[in-house]
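Below is the file structure_13.pdb, which contains PDB, C-alpha atoms.
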ATOM      1  CA  MET N   1      -3.940  14.373 -16.594  1.00  0.00           C
ATOM      2  CA  ILE N   2      -5.400  11.155 -17.966  1.00  0.00           C
ATOM      3  CA  GLU N   3      -4.221  11.842 -21.517  1.00  0.00           C
ATOM      4  CA  GLN N   4      -0.687  12.329 -20.240  1.00  0.00           C
ATOM      5  CA  LEU N   5      -0.861   9.101 -18.313  1.00  0.00           C
ATOM      6  CA  SER N   6      -2.078   7.044 -21.240  1.00  0.00           C
ATOM      7  CA  GLY N   7       0.768   8.651 -23.153  1.00  0.00           C
ATOM      8  CA  LEU N   8       3.055   6.939 -20.642  1.00  0.00           C
ATOM      9  CA  SER N   9       2.147   3.452 -21.805  1.00  0.00           C
ATOM     10  CA  SER N  10       2.707   4.286 -25.473  1.00  0.00           C
ATOM     11  CA  ALA N  11       5.979   6.058 -24.674  1.00  0.00           C
ATOM     12  CA  THR N  12       7.350   3.156 -22.660  1.00  0.00           C
ATOM     13  CA  ASP N  13       6.110   0.852 -25.399  1.00  0.00           C
ATOM     14  CA  GLY N  14       8.457   2.548 -27.850  1.00  0.00           C
ATOM     15  CA  ILE N  15      11.380   2.427 -25.439  1.00  0.00           C
ATOM     16  CA  MET N  16      10.856  -1.250 -24.676  1.00  0.00           C
ATOM     17  CA  LYS N  17      10.616  -2.138 -28.360  1.00  0.00           C
ATOM     18  CA  SER N  18      13.815  -0.334 -29.233  1.00  0.00           C
ATOM     19  CA  VAL N  19      15.608  -1.906 -26.277  1.00  0.00           C
ATOM     20  CA  SER N  20      14.416  -5.398 -27.093  1.00  0.00           C
ATOM     21  CA  GLU N  21      15.343  -4.898 -30.754  1.00  0.00           C
ATOM     22  CA  THR N  22      18.910  -4.122 -29.760  1.00  0.00           C
ATOM     23  CA  ARG N  23      19.007  -7.266 -27.682  1.00  0.00           C
ATOM     24  CA  TYR N  24      17.470  -9.267 -30.472  1.00  0.00           C
ATOM     25  CA  VAL N  25      20.217  -8.316 -32.908  1.00  0.00           C
ATOM     26  CA  THR N  26      23.003  -9.302 -30.534  1.00  0.00           C
ATOM     27  CA  THR N  27      21.454 -12.634 -29.546  1.00  0.00           C
ATOM     28  CA  PRO N  28      19.543 -14.148 -32.455  1.00  0.00           C
ATOM     29  CA  ASN N  29      18.261 -17.092 -30.380  1.00  0.00           C
ATOM     30  CA  GLY N  30      17.017 -14.713 -27.654  1.00  0.00           C
ATOM     31  CA  ILE N  31      15.254 -15.532 -24.422  1.00  0.00           C
ATOM     32  CA  ASP N  32      12.025 -16.352 -26.267  1.00  0.00           C
ATOM     33  CA  GLY N  33      13.472 -19.679 -27.301  1.00  0.00           C
ATOM     34  CA  VAL N  34      14.086 -20.807 -23.720  1.00  0.00           C
ATOM     35  CA  GLY N  35      11.435 -23.028 -22.138  1.00  0.00           C
ATOM     36  CA  GLY N  36       7.859 -23.700 -23.217  1.00  0.00           C
ATOM     37  CA  VAL N  37       6.288 -21.389 -20.626  1.00  0.00           C
ATOM     38  CA  GLU N  38       3.794 -18.885 -21.964  1.00  0.00           C
ATOM     39  CA  GLN N  39       5.610 -15.579 -22.227  1.00  0.00           C
ATOM     40  CA  VAL N  40       4.014 -12.312 -21.209  1.00  0.00           C
ATOM     41  CA  SER N  41       6.061  -9.420 -22.494  1.00  0.00           C
ATOM     42  CA  PHE N  42       7.206  -6.745 -20.105  1.00  0.00           C
ATOM     43  CA  THR N  43       5.628  -4.134 -22.348  1.00  0.00           C
ATOM     44  CA  ASP N  44       2.206  -5.759 -22.011  1.00  0.00           C
ATOM     45  CA  THR N  45       2.527  -5.941 -18.231  1.00  0.00           C
ATOM     46  CA  LEU N  46       3.533  -2.291 -18.113  1.00  0.00           C
ATOM     47  CA  ALA N  47       0.616  -1.338 -20.362  1.00  0.00           C
ATOM     48  CA  ASN N  48      -1.771  -3.271 -18.075  1.00  0.00           C
ATOM     49  CA  VAL N  49      -0.419  -1.555 -14.986  1.00  0.00           C
ATOM     50  CA  SER N  50      -0.738   1.901 -16.493  1.00  0.00           C
ATOM     51  CA  GLN N  51      -4.222   1.092 -17.825  1.00  0.00           C
ATOM     52  CA  GLU N  52      -5.220   0.093 -14.298  1.00  0.00           C
ATOM     53  CA  ALA N  53      -3.841   3.370 -12.985  1.00  0.00           C
ATOM     54  CA  VAL N  54      -5.804   5.306 -15.608  1.00  0.00           C
ATOM     55  CA  ASP N  55      -8.996   3.450 -14.631  1.00  0.00           C
ATOM     56  CA  ARG N  56      -8.459   4.185 -10.943  1.00  0.00           C
ATOM     57  CA  ILE N  57      -7.872   7.869 -11.614  1.00  0.00           C
ATOM     58  CA  LYS N  58     -11.003   7.995 -13.763  1.00  0.00           C
ATOM     59  CA  ALA N  59     -12.962   6.375 -10.909  1.00  0.00           C
ATOM     60  CA  GLY N  60     -11.464   8.938  -8.511  1.00  0.00           C
ATOM     61  CA  GLU N  61     -12.509  11.812 -10.742  1.00  0.00           C
ATOM     62  CA  ALA N  62     -16.015  10.375 -11.188  1.00  0.00           C
ATOM     63  CA  ALA N  63     -16.314  10.034  -7.395  1.00  0.00           C
ATOM     64  CA  SER N  64     -15.152  13.644  -6.920  1.00  0.00           C
ATOM     65  CA  ILE N  65     -17.791  14.891  -9.350  1.00  0.00           C
ATOM     66  CA  ALA N  66     -20.458  12.782  -7.618  1.00  0.00           C
ATOM     67  CA  GLY N  67     -19.275  14.222  -4.307  1.00  0.00           C
ATOM     68  CA  VAL N  68     -19.607  17.790  -5.561  1.00  0.00           C
ATOM     69  CA  ASP N  69     -23.126  16.944  -6.765  1.00  0.00           C
ATOM     70  CA  GLY N  70     -23.912  15.549  -3.324  1.00  0.00           C
ATOM     71  CA  GLN N  71     -24.413  12.011  -4.695  1.00  0.00           C
ATOM     72  CA  ALA N  72     -21.493  10.362  -2.888  1.00  0.00           C
ATOM     73  CA  SER N  73     -20.434  10.628   0.750  1.00  0.00           C
ATOM     74  CA  VAL N  74     -17.193  12.317   1.778  1.00  0.00           C
ATOM     75  CA  GLN N  75     -15.780   8.932   2.790  1.00  0.00           C
ATOM     76  CA  GLN N  76     -16.402   7.426  -0.646  1.00  0.00           C
ATOM     77  CA  VAL N  77     -14.829  10.399  -2.406  1.00  0.00           C
ATOM     78  CA  VAL N  78     -11.757  10.359  -0.180  1.00  0.00           C
ATOM     79  CA  GLU N  79     -11.302   6.603  -0.595  1.00  0.00           C
ATOM     80  CA  ALA N  80     -11.531   6.791  -4.394  1.00  0.00           C
ATOM     81  CA  VAL N  81      -9.232   9.799  -4.630  1.00  0.00           C
ATOM     82  CA  MET N  82      -6.679   8.150  -2.335  1.00  0.00           C
ATOM     83  CA  ALA N  83      -6.693   4.996  -4.469  1.00  0.00           C
ATOM     84  CA  ALA N  84      -6.166   7.190  -7.527  1.00  0.00           C
ATOM     85  CA  GLU N  85      -3.341   9.052  -5.818  1.00  0.00           C
ATOM     86  CA  SER N  86      -1.432   5.898  -4.903  1.00  0.00           C
ATOM     87  CA  SER N  87      -1.914   4.554  -8.443  1.00  0.00           C
ATOM     88  CA  LEU N  88      -0.579   7.761  -9.932  1.00  0.00           C
ATOM     89  CA  GLN N  89       2.419   7.733  -7.590  1.00  0.00           C
ATOM     90  CA  THR N  90       3.159   4.130  -8.561  1.00  0.00           C
ATOM     91  CA  ALA N  91       2.874   4.978 -12.251  1.00  0.00           C
ATOM     92  CA  ILE N  92       5.238   7.934 -11.853  1.00  0.00           C
ATOM     93  CA  ALA N  93       7.761   5.825  -9.930  1.00  0.00           C
ATOM     94  CA  ILE N  94       7.669   3.092 -12.586  1.00  0.00           C
ATOM     95  CA  ARG N  95       8.021   5.657 -15.386  1.00  0.00           C
ATOM     96  CA  ASP N  96      11.045   7.175 -13.671  1.00  0.00           C
ATOM     97  CA  LYS N  97      12.623   3.736 -13.341  1.00  0.00           C
ATOM     98  CA  VAL N  98      12.000   2.920 -16.999  1.00  0.00           C
ATOM     99  CA  VAL N  99      13.421   6.247 -18.186  1.00  0.00           C
ATOM    100  CA  THR N 100      16.473   5.752 -15.961  1.00  0.00           C
ATOM    101  CA  ALA N 101      16.993   2.262 -17.386  1.00  0.00           C
ATOM    102  CA  TYR N 102      16.744   3.625 -20.921  1.00  0.00           C
ATOM    103  CA  GLN N 103      19.272   6.327 -20.157  1.00  0.00           C
ATOM    104  CA  GLU N 104      21.629   3.796 -18.619  1.00  0.00           C
ATOM    105  CA  ILE N 105      21.500   1.758 -21.810  1.00  0.00           C
ATOM    106  CA  SER N 106      21.955   4.800 -24.067  1.00  0.00           C
ATOM    107  CA  ARG N 107      25.030   5.839 -22.073  1.00  0.00           C
ATOM    108  CA  MET N 108      26.594   2.437 -22.476  1.00  0.00           C
ATOM    109  CA  THR N 109      30.009   2.530 -24.196  1.00  0.00           C
ATOM    110  CA  ILE N 110      30.174   0.252 -27.194  1.00  0.00           C
TER
ATOM    111  CA  MET X 111      -6.424 -12.291  -3.455  1.00  0.00           C
ATOM    112  CA  SER X 112      -6.843  -8.608  -2.970  1.00  0.00           C
ATOM    113  CA  ASP X 113      -4.271  -6.218  -1.583  1.00  0.00           C
ATOM    114  CA  PRO X 114      -4.572  -6.211   2.237  1.00  0.00           C
ATOM    115  CA  LEU X 115      -3.732  -2.512   2.476  1.00  0.00           C
ATOM    116  CA  SER X 116      -6.401  -1.459   0.008  1.00  0.00           C
ATOM    117  CA  ALA X 117      -8.812  -3.812   1.817  1.00  0.00           C
ATOM    118  CA  THR X 118      -7.876  -2.001   5.044  1.00  0.00           C
ATOM    119  CA  MET X 119      -8.783   1.295   3.407  1.00  0.00           C
ATOM    120  CA  HIS X 120     -12.117  -0.134   2.305  1.00  0.00           C
ATOM    121  CA  ILE X 121     -12.937  -1.521   5.757  1.00  0.00           C
ATOM    122  CA  ALA X 122     -12.002   1.745   7.474  1.00  0.00           C
ATOM    123  CA  SER X 123     -14.119   3.616   4.956  1.00  0.00           C
ATOM    124  CA  SER X 124     -17.135   1.431   5.794  1.00  0.00           C
ATOM    125  CA  GLY X 125     -16.510   2.159   9.492  1.00  0.00           C
ATOM    126  CA  LEU X 126     -16.449   5.883   8.782  1.00  0.00           C
ATOM    127  CA  GLN X 127     -19.730   5.667   6.911  1.00  0.00           C
ATOM    128  CA  ALA X 128     -21.381   3.675   9.698  1.00  0.00           C
ATOM    129  CA  GLN X 129     -20.217   6.195  12.297  1.00  0.00           C
ATOM    130  CA  SER X 130     -21.439   9.153  10.276  1.00  0.00           C
ATOM    131  CA  GLU X 131     -24.831   7.455  10.035  1.00  0.00           C
ATOM    132  CA  ARG X 132     -24.757   7.095  13.812  1.00  0.00           C
ATOM    133  CA  LEU X 133     -23.999  10.789  14.207  1.00  0.00           C
ATOM    134  CA  ARG X 134     -26.976  11.553  11.971  1.00  0.00           C
ATOM    135  CA  VAL X 135     -29.262   9.594  14.296  1.00  0.00           C
ATOM    136  CA  VAL X 136     -27.799  11.377  17.348  1.00  0.00           C
ATOM    137  CA  SER X 137     -28.394  14.750  15.718  1.00  0.00           C
ATOM    138  CA  GLU X 138     -31.985  13.788  14.919  1.00  0.00           C
ATOM    139  CA  ASN X 139     -32.557  12.838  18.559  1.00  0.00           C
ATOM    140  CA  LEU X 140     -30.960  16.036  19.844  1.00  0.00           C
ATOM    141  CA  ALA X 141     -32.845  18.268  17.446  1.00  0.00           C
ATOM    142  CA  ASN X 142     -36.143  16.643  18.359  1.00  0.00           C
ATOM    143  CA  ALA X 143     -35.523  16.550  22.116  1.00  0.00           C
ATOM    144  CA  ARG X 144     -38.518  18.874  22.652  1.00  0.00           C
ATOM    145  CA  SER X 145     -40.734  17.887  19.714  1.00  0.00           C
ATOM    146  CA  THR X 146     -44.223  17.143  20.967  1.00  0.00           C
ATOM    147  CA  GLY X 147     -47.331  15.967  19.144  1.00  0.00           C
ATOM    148  CA  ASP X 148     -49.770  18.538  17.784  1.00  0.00           C
ATOM    149  CA  ALA X 149     -53.118  17.122  18.974  1.00  0.00           C
ATOM    150  CA  ALA X 150     -54.207  16.832  22.620  1.00  0.00           C
ATOM    151  CA  GLY X 151     -52.716  13.705  24.245  1.00  0.00           C
ATOM    152  CA  SER X 152     -50.842  12.652  21.064  1.00  0.00           C
ATOM    153  CA  ASP X 153     -47.476  10.929  21.140  1.00  0.00           C
ATOM    154  CA  PRO X 154     -44.330  13.056  20.794  1.00  0.00           C
ATOM    155  CA  TYR X 155     -41.149  12.214  18.848  1.00  0.00           C
ATOM    156  CA  SER X 156     -39.707   8.925  20.027  1.00  0.00           C
ATOM    157  CA  ARG X 157     -35.976   8.441  20.271  1.00  0.00           C
ATOM    158  CA  LYS X 158     -34.277   6.624  17.375  1.00  0.00           C
ATOM    159  CA  THR X 159     -31.721   3.895  17.904  1.00  0.00           C
ATOM    160  CA  ILE X 160     -29.109   2.561  15.506  1.00  0.00           C
ATOM    161  CA  THR X 161     -27.625  -0.929  15.349  1.00  0.00           C
ATOM    162  CA  PHE X 162     -24.707  -2.221  13.297  1.00  0.00           C
ATOM    163  CA  GLU X 163     -23.838  -5.577  11.798  1.00  0.00           C
ATOM    164  CA  SER X 164     -20.831  -7.019  10.050  1.00  0.00           C
ATOM    165  CA  GLU X 165     -21.081  -7.829   6.374  1.00  0.00           C
ATOM    166  CA  PHE X 166     -18.668 -10.122   4.543  1.00  0.00           C
ATOM    167  CA  ASP X 167     -17.335  -8.573   1.364  1.00  0.00           C
ATOM    168  CA  ARG X 168     -16.310 -11.291  -1.102  1.00  0.00           C
ATOM    169  CA  ALA X 169     -14.304  -8.988  -3.355  1.00  0.00           C
ATOM    170  CA  GLN X 170     -12.041  -7.905  -0.487  1.00  0.00           C
ATOM    171  CA  ALA X 171     -12.395 -11.118   1.567  1.00  0.00           C
ATOM    172  CA  ALA X 172     -12.985  -8.961   4.633  1.00  0.00           C
ATOM    173  CA  SER X 173     -15.766  -8.120   7.071  1.00  0.00           C
ATOM    174  CA  LEU X 174     -17.150  -4.642   6.588  1.00  0.00           C
ATOM    175  CA  VAL X 175     -19.514  -2.894   8.954  1.00  0.00           C
ATOM    176  CA  LYS X 176     -22.911  -1.632   7.910  1.00  0.00           C
ATOM    177  CA  VAL X 177     -26.011  -0.214   9.525  1.00  0.00           C
ATOM    178  CA  LYS X 178     -28.359  -3.046  10.432  1.00  0.00           C
ATOM    179  CA  ASP X 179     -31.411  -1.117  11.443  1.00  0.00           C
ATOM    180  CA  ILE X 180     -32.610   2.279  12.608  1.00  0.00           C
ATOM    181  CA  GLY X 181     -35.351   1.570  15.137  1.00  0.00           C
ATOM    182  CA  THR X 182     -37.239   3.469  17.794  1.00  0.00           C
ATOM    183  CA  ASP X 183     -36.717   3.417  21.549  1.00  0.00           C
ATOM    184  CA  ASN X 184     -39.675   1.889  23.419  1.00  0.00           C
ATOM    185  CA  ALA X 185     -38.912   3.670  26.685  1.00  0.00           C
ATOM    186  CA  PRO X 186     -41.947   5.487  28.184  1.00  0.00           C
ATOM    187  CA  PHE X 187     -42.398   9.161  27.361  1.00  0.00           C
ATOM    188  CA  LEU X 188     -41.734  11.789  30.006  1.00  0.00           C
ATOM    189  CA  VAL X 189     -44.759  13.724  31.204  1.00  0.00           C
ATOM    190  CA  GLU X 190     -44.717  17.417  32.055  1.00  0.00           C
ATOM    191  CA  TYR X 191     -47.475  19.546  33.537  1.00  0.00           C
ATOM    192  CA  GLU X 192     -48.137  22.360  31.052  1.00  0.00           C
ATOM    193  CA  PRO X 193     -51.873  23.148  30.726  1.00  0.00           C
ATOM    194  CA  GLY X 194     -51.412  25.864  28.090  1.00  0.00           C
ATOM    195  CA  HIS X 195     -49.621  23.551  25.640  1.00  0.00           C
ATOM    196  CA  PRO X 196     -51.554  22.544  22.472  1.00  0.00           C
ATOM    197  CA  ALA X 197     -50.678  18.889  23.057  1.00  0.00           C
ATOM    198  CA  ALA X 198     -51.800  18.890  26.712  1.00  0.00           C
ATOM    199  CA  ASP X 199     -54.423  16.284  27.687  1.00  0.00           C
ATOM    200  CA  GLU X 200     -57.532  17.028  29.778  1.00  0.00           C
ATOM    201  CA  ASN X 201     -55.464  17.004  33.009  1.00  0.00           C
ATOM    202  CA  GLY X 202     -52.917  19.473  31.597  1.00  0.00           C
ATOM    203  CA  TYR X 203     -50.095  16.952  31.074  1.00  0.00           C
ATOM    204  CA  VAL X 204     -47.937  16.937  27.924  1.00  0.00           C
ATOM    205  CA  LYS X 205     -45.997  13.909  26.723  1.00  0.00           C
ATOM    206  CA  MET X 206     -42.368  14.822  26.043  1.00  0.00           C
ATOM    207  CA  PRO X 207     -39.930  12.767  23.891  1.00  0.00           C
ATOM    208  CA  ASN X 208     -38.001   9.975  25.623  1.00  0.00           C
ATOM    209  CA  VAL X 209     -34.703  11.612  24.632  1.00  0.00           C
ATOM    210  CA  ASN X 210     -32.049  12.066  27.290  1.00  0.00           C
ATOM    211  CA  VAL X 211     -29.802  14.874  26.045  1.00  0.00           C
ATOM    212  CA  LEU X 212     -26.919  13.825  28.283  1.00  0.00           C
ATOM    213  CA  LEU X 213     -27.066  10.285  26.907  1.00  0.00           C
ATOM    214  CA  GLU X 214     -27.101  11.597  23.341  1.00  0.00           C
ATOM    215  CA  LEU X 215     -24.068  13.768  24.013  1.00  0.00           C
ATOM    216  CA  ALA X 216     -22.199  10.776  25.437  1.00  0.00           C
ATOM    217  CA  ASP X 217     -23.167   8.804  22.340  1.00  0.00           C
ATOM    218  CA  MET X 218     -21.888  11.631  20.175  1.00  0.00           C
ATOM    219  CA  ARG X 219     -18.533  11.565  21.941  1.00  0.00           C
ATOM    220  CA  GLU X 220     -18.258   7.828  21.416  1.00  0.00           C
ATOM    221  CA  THR X 221     -19.109   8.271  17.733  1.00  0.00           C
ATOM    222  CA  ASN X 222     -16.356  10.853  17.460  1.00  0.00           C
ATOM    223  CA  ARG X 223     -13.786   8.551  19.055  1.00  0.00           C
ATOM    224  CA  SER X 224     -14.728   5.670  16.791  1.00  0.00           C
ATOM    225  CA  TYR X 225     -14.538   7.914  13.733  1.00  0.00           C
ATOM    226  CA  GLU X 226     -11.107   9.110  14.783  1.00  0.00           C
ATOM    227  CA  ALA X 227      -9.895   5.534  15.245  1.00  0.00           C
ATOM    228  CA  ASN X 228     -11.055   4.531  11.755  1.00  0.00           C
ATOM    229  CA  LEU X 229      -9.479   7.640  10.280  1.00  0.00           C
ATOM    230  CA  LYS X 230      -6.224   6.788  12.019  1.00  0.00           C
ATOM    231  CA  VAL X 231      -6.269   3.313  10.439  1.00  0.00           C
ATOM    232  CA  MET X 232      -6.744   4.924   7.049  1.00  0.00           C
ATOM    233  CA  THR X 233      -3.855   7.339   7.589  1.00  0.00           C
ATOM    234  CA  GLN X 234      -1.616   4.465   8.682  1.00  0.00           C
ATOM    235  CA  ALA X 235      -2.475   2.309   5.655  1.00  0.00           C
ATOM    236  CA  ARG X 236      -1.881   5.234   3.320  1.00  0.00           C
ATOM    237  CA  GLU X 237       1.459   6.007   4.912  1.00  0.00           C
ATOM    238  CA  MET X 238       2.555   2.382   4.522  1.00  0.00           C
ATOM    239  CA  VAL X 239       1.579   2.323   0.846  1.00  0.00           C
ATOM    240  CA  MET X 240       3.316   5.627   0.160  1.00  0.00           C
ATOM    241  CA  ARG X 241       6.491   4.521   1.901  1.00  0.00           C
ATOM    242  CA  HIS X 242       6.563   1.424  -0.246  1.00  0.00           C
ATOM    243  CA  ILE X 243       6.156   3.455  -3.420  1.00  0.00           C
ATOM    244  CA  GLY X 244       8.947   5.697  -2.152  1.00  0.00           C
ATOM    245  CA  LEU X 245      11.134   2.575  -2.056  1.00  0.00           C
ATOM    246  CA  LEU X 246      10.637   2.224  -5.798  1.00  0.00           C
ATOM    247  CA  ARG X 247      11.603   5.825  -6.393  1.00  0.00           C
ATOM    248  CA  ASP X 248      15.122   6.085  -5.048  1.00  0.00           C
TER
END
How does this structure look as structure tokens?
Amino acid sequence: MIEQLSGLSSATDGIMKSVSETRYVTTPNGIDGVGGVEQVSFTDTLANVSQEAVDRIKAGEAASIAGVDGQASVQQVVEAVMAAESSLQTAIAIRDKVVTAYQEISRMTI
Amino acid sequence: MSDPLSATMHIASSGLQAQSERLRVVSENLANARSTGDAAGSDPYSRKTITFESEFDRAQAASLVKVKDIGTDNAPFLVEYEPGHPAADENGYVKMPNVNVLLELADMRETNRSYEANLKVMTQAREMVMRHIGLLRD
């Protein structure tokens, strides 16, 4: 599960790069030139979010194993697994949105 | 600034843990309701009490609940006339634990209600988070 999820960040990375390349060709003085504000790329943000999700899921799995061993209480296990679940759901929703956006762009008539 | 909904989950989780600790104490009292001493005139099991306190969690900026102390009840022991008992004194009286089973059962019910309430908070928070994620989906 975790390998697939970390695959998400690299996959979206590729999509974002190709999309931003297309934009870069059409507008040579792209958005990067506007304003002196420090720019955080969307790809980086997405990678951070998915990394966070991966960490949460890892914590959830560690808590489950500790629970099976009898090291953690039921409440701790449930809390960690629920946090992992909501992170995974968020990651899936974001992935779906990104894929949809990519498809929209690829369907565009030129 | 942490996410209020995940903080809610954390607080409810601490409540659940505190209540399960309380149930443990109740079960100890119930199980030992007839535990006497082994030598003549010795003290029997004395009832355990549990107290809670609030603890400020800096990471979540919220007050969690935790067990403050597990103490013993100082109420006098009950005395029963049972000359054949190994713990009977020279007059034939045995000291019995100061556990009132009815009181413990009432305490157990209250623990159950409190646990349910905390669980309900958790369910609600989870539902709110999931609905929000659903918003992103379609």
Taking only C-alpha atoms into account, find every residue of chain N that has an atom no more than 7 Å from chain X, and write it out as a ChimeraX atom specification. /N:75,79,86,90,93
When the PyMOL selection byres ((chain X and resi 113) around 12) is applied to the file above, which residues end up in the set, as JSON, numbers by chain? {"N": [83], "X": [111, 112, 114, 115, 116, 117, 118, 119, 120, 169, 170, 171, 172, 235, 239]}
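Note that atom CA of Gln89 of chain N and atom CA of Ala62 of chain N are 19.0 Å apart.
Note that atom CA of Tyr225 of chain X and atom CA of Asn142 of chain X are 23.8 Å apart.
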I'd like to see the residues matched by the PyMOL selection byres ((chain X and resi 199) around 12) on this file, and ideally I'd get them as number ranges by chain. X: 147-153, 189-198, 200-205
How far is it from atom CA of Glu214 of chain X to atom CA of Ala227 of chain X, in Å with one decimal?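 Value for the atom CA of Glu214 of chain X-atom CA of Ala227 of chain X distance: 20.0 Å.
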